[in-house]
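Below is one structure, written out as structure tokens; comments come after it.
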Amino acid sequence: MNPSLTGLSLKQAPPLSVPLRFFLTAPVFLLLAAMLLWHLGATVWASRWSAGVLALTHLLTLGYLSMVMLGALLQILPVVAGSVVPGGKWLAAWVHSLFVLATSLLVWALWRGKLTWWMPVAGLMGLALGVFVLAALFALSRSMVRHATVRMMWYAVIALAVTAGSGMLMLAGLSGVCACATRWLVKLHLVWGTMGWMLSLVMGVAWQVVPMFLLTRPYPVALMRYIGAGWLLLLLMVMIFSLASAGVALSVVLGILACGVAFFSMTTLYLLEKRRRKKPDASLWFWRISMTSLLGASGLWLTASVSPALAAWVGYPFLLVVLFLYGGMISLANGMLYKIVPFLIWLHWQARLSKGQLAPNVRQIIPDRVAQRQMWVHLASLCALLASVWWSTWVEWVELTAGLVALSAILSWLAMWQAAWRYWRQAA
């Protein structure tokens with residue numbers, strides 16, 4: 001591996017246990033999501049607001065995606081922004097433990113309709129994410145770096161705070177604790193969670209990770225400047241227009257956001273196609289699957305905005321979520337993990353060796369054949385998931401999908417665990 005590491009503060013990287021505890025926990029929640037999908041069967045596509053779907057969605061968004069993203073931010077902030085997150089290992093252990101507990105209880109409370117649990121769980125989740133947000137904002141405020149990636153990390157952390165806050169207010173309103181405009185909060189929670197928290201961090205990390213690990217040319221400066229400058233403004237406009245019930249203006253802003261996602265996806269696919277290393281690996285394929293899915297989700301949303309028939313189809317919201325959440329975000333998380341985890345293990349392994357000794361090559365820490373195996377299972381699960389939405393009455397498609405998602409989660413966990421075990425055994 002020969003990535004350009006210019007401008008990165010590798011000496012400030014946190015201990016390996018800081019991000020790895022999050023990365024190794026995420027596939028467990030994906031496995032739980034597969035088990036819940038199996039239990040729900042074909043009824044999962046009956047209503048997007050059903051208790052089972054809400055629980056399943058939060059297993060994916062909180063249990064898997066946010067778990068990976070929190071670990072990635074704790075790793076990236078010191079290295080890219082050059083600012084150490086206060087608390088170090090203690091903060092990581094505290095946030096991880098609280099977040100695992102809060103996510104587990106929230107999913108259970110949503111699925112079983114435990115109204116009396118909602119506010120205690122909201123408080124626990126607020127404590128976990130509140131501590132993380134404050135620590136991350138403190139680290140960002142001390143950073144002397146002002147490039148595009150750091151700006152997008154600012155937006156992502158702010159969006160995480162808004163997403164968590166709107167979620168807790170929704171739970172309070174539905175529990176009868178306070179009178180809240182639930183419909184407005186739902187829009188705020190969805191848009192700031194997906195376009196703000198998830199995509200802001202994804203784009204910011206992509207500016208660094210894609211050229212460094214996938215050996216592409218850098219992203220165009222104009223793309224990084226204008227998307228970065230306009231993204232938070234568009235999200236604020238979503239907040240204002242939702243509160244004002246300005247439906248037409250809100251649709252226009254959401255359309256601009258969808259076009260931004262499509263442009264980012266097409267640019268990334270172009271850079272991947274023109275990369276210096278022509279031999280594809282599993283991580284490259286995960287990125288291609290992700291960007292293609294995001295492009296499909298953007299196109300689907302834009303088409304539905306001008307096609308009442310498509311917007312009225314009962315499977316439309318499920319197809320949109322599958323493309324964006326599973327095909328786009330979860331594929332991308334897998335692709336990043338297969339680059340970040342081996343690199344981190346190699347970095348810490350090399351630091352422990354005497355001068356002249358060499359750690360195993362990054363490609364030996366997690367062999368590409370191992371990653372390729374999981375990539376094909378993941379792709380099959382995505383295709384089966386899309387088919388199960390289309391043929392929503394066929395319970396066999398849902399069962400097949402659940403089995404493939406479970407297998408993908410197990411393979412992902414085993415790949416990372418075996419790599420970490422090799423390092424810990426050497427370090428003992």
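Residues are named by chain letter and number: chains run A, B, ... in the order of the structure tokens, numbers start at 1 in each chain, and ligands are numbered from 1 in the order shown.
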
For stretch 228-303 of chain A against stretch 365-376 of chain A, with a cut-off of 9 Å and counting only C-alpha atoms, what is the closest atom pair and its distance in Å to one decimal for every residue that makes the cut, ordered by chain and number, as a Markdown table?
```
| residue | atom | partner | partner_atom | distance |
| --- | --- | --- | --- | --- |
| A:Asp281 | CA | A:Asp368 | CA | 6.5 |
| A:Ala282 | CA | A:Gln372 | CA | 4.9 |
| A:Ser283 | CA | A:Ala371 | CA | 7.7 |
| A:Trp285 | CA | A:Met375 | CA | 7.6 |
| A:Phe286 | CA | A:Met375 | CA | 6.8 |
```

Could you dump the residues just selected with N, CA and C atoms as a tab-separated table (two decimals), in the first residue's frame?
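The new file result_37.tsv reads:
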```tsv
chain	number	residue	atom	x	y	z
A	281	ASP	N	-10.56	-4.37	-6.20
A	281	ASP	CA	-10.62	-5.17	-4.98
A	281	ASP	C	-12.01	-5.03	-4.38
A	282	ALA	N	-12.24	-5.69	-3.25
A	282	ALA	CA	-13.58	-5.71	-2.66
A	282	ALA	C	-14.03	-4.31	-2.25
A	283	SER	N	-13.12	-3.52	-1.70
A	283	SER	CA	-13.49	-2.18	-1.25
A	283	SER	C	-13.96	-1.33	-2.42
A	285	TRP	N	-15.41	-2.38	-5.14
A	285	TRP	CA	-16.74	-2.83	-5.52
A	285	TRP	C	-17.80	-2.35	-4.54
A	286	PHE	N	-17.46	-2.31	-3.25
A	286	PHE	CA	-18.41	-1.77	-2.27
A	286	PHE	C	-18.71	-0.30	-2.58
```

Contacts between stretch 58-80 of chain A and stretch 307-426 of chain A, please, where a residue of stretch 307-426 of chain A counts if it comes within 9 Å (with only C-alpha atoms); show its shortest atom pair and distance in Å to one decimal, rows by chain and ascending number, as JSON lines.
```
{"residue": "A:Leu325", "atom": "CA", "partner": "A:Thr61", "partner_atom": "CA", "distance": 7.9}
{"residue": "A:Tyr326", "atom": "CA", "partner": "A:Leu60", "partner_atom": "CA", "distance": 8.2}
{"residue": "A:Met329", "atom": "CA", "partner": "A:Leu65", "partner_atom": "CA", "distance": 7.4}
{"residue": "A:Ile330", "atom": "CA", "partner": "A:Leu65", "partner_atom": "CA", "distance": 6.7}
{"residue": "A:Ala333", "atom": "CA", "partner": "A:Val68", "partner_atom": "CA", "distance": 7.2}
{"residue": "A:Leu337", "atom": "CA", "partner": "A:Val68", "partner_atom": "CA", "distance": 8.5}
{"residue": "A:Ile340", "atom": "CA", "partner": "A:Ala72", "partner_atom": "CA", "distance": 8.8}
```

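Residues in contact with A:Leu295 at 9 Å, where only C-alpha atoms are counted and same-chain residues fewer than 6 positions away are skipped, are listed as A:Ala258, A:Val261, A:Ala262, A:Phe263, A:Phe264, A:Ser265, A:Met266, A:Leu323, A:Phe324, A:Gly328.
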
Go ahead and write the residues just picked, C-alpha atoms, as a PDB file, in the first residue's frame.
```pdb
ATOM      1  CA  ALA A 258     -31.062  14.957  -4.219  1.00  0.00           C
ATOM      2  CA  VAL A 261     -26.187  13.499  -3.875  1.00  0.00           C
ATOM      3  CA  ALA A 262     -26.451  12.409  -7.521  1.00  0.00           C
ATOM      4  CA  PHE A 263     -23.600  14.714  -8.569  1.00  0.00           C
ATOM      5  CA  PHE A 264     -21.379  13.487  -5.729  1.00  0.00           C
ATOM      6  CA  SER A 265     -22.148   9.859  -6.677  1.00  0.00           C
ATOM      7  CA  MET A 266     -21.407  10.398 -10.371  1.00  0.00           C
ATOM      8  CA  LEU A 323     -31.482   1.974  -2.097  1.00  0.00           C
ATOM      9  CA  PHE A 324     -30.301   4.804   0.147  1.00  0.00           C
ATOM     10  CA  GLY A 328     -25.861   3.285  -0.350  1.00  0.00           C
TER      11      GLY A 328
END
```

Spatial neighbours of stretch 199-213 of chain A, 6 Å, only C-alpha atoms, chain gap at least 2 places, as an MDAnalysis selection string: chainID A and resid 3:4 149 152:153 156 195:197 215:218

Nearest residue to A:Trp413 from the set A:Tyr338, A:Ser175, A:Ala312, A:Leu271 (distances using only C-alpha atoms): A:Tyr338

Alpha helix (DSSP H) call set, DSSP backbone run, stretch 41-278 of chain A, as an NGL selection string: :A and (51-58 or 67-76 or 88-112 or 115-142 or 148-174 or 182-191 or 199-213 or 221-243 or 247-273)

Could you produce a table of the residues of stretch 250-332 of chain A lying within 8 Å of stretch 221-236 of chain A, with the nearest pair of atoms per residue and their separation in Å rounded to one decimal, using only C-alpha atoms, ordered by chain and increasing residue number, as JSON lines?
```
{"residue": "A:Val253", "atom": "CA", "partner": "A:Leu234", "partner_atom": "CA", "distance": 6.5}
{"residue": "A:Leu257", "atom": "CA", "partner": "A:Leu234", "partner_atom": "CA", "distance": 7.3}
{"residue": "A:Gly260", "atom": "CA", "partner": "A:Ile227", "partner_atom": "CA", "distance": 7.3}
```

Close residues, A:Leu140 itself excluded, 9 Å, only C-alpha atoms, min 4 positions apart in chain, as a PyMOL selection string: chain A and resi 77+81-85+135-136+144-145+150+153-154

Nearby residues (only C-alpha atoms) at most 10 Å from A:Leu382, same-chain spacing under 5 positions excluded, as an MDAnalysis selection string: chainID A and resid 289 293 322:323 326:327 331 376:377 387:388 401 404:405

Go ahead and dump the residues you just picked, C-alpha atoms, as a JSON list (two decimals), in the first residue's frame.
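Result saved to selection_35.json:
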```json
[["chain", "number", "residue", "atom", "x", "y", "z"],
["A", 289, "ILE", "CA", -22.37, -0.52, -5.27],
["A", 293, "SER", "CA", -27.41, 2.86, -5.15],
["A", 322, "VAL", "CA", -33.43, 0.16, 0.62],
["A", 323, "LEU", "CA", -31.48, 1.97, -2.10],
["A", 326, "TYR", "CA", -28.79, -0.48, 2.65],
["A", 327, "GLY", "CA", -27.44, -0.13, -0.88],
["A", 331, "SER", "CA", -22.35, -0.75, 1.32],
["A", 376, "TRP", "CA", -20.72, -10.95, -3.00],
["A", 377, "VAL", "CA", -22.98, -12.03, -0.12],
["A", 387, "ALA", "CA", -36.82, -8.13, -5.03],
["A", 388, "SER", "CA", -38.67, -8.61, -1.74],
["A", 401, "THR", "CA", -32.90, -11.67, 2.34],
["A", 404, "LEU", "CA", -28.11, -13.29, 3.36],
["A", 405, "VAL", "CA", -27.96, -10.18, 5.58]]
```

Distance of atom CA of A:Ala409 from atom CA of A:Ser392, expressed in Å to one decimal place: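 Distance between the two atoms: 23.5 Å.
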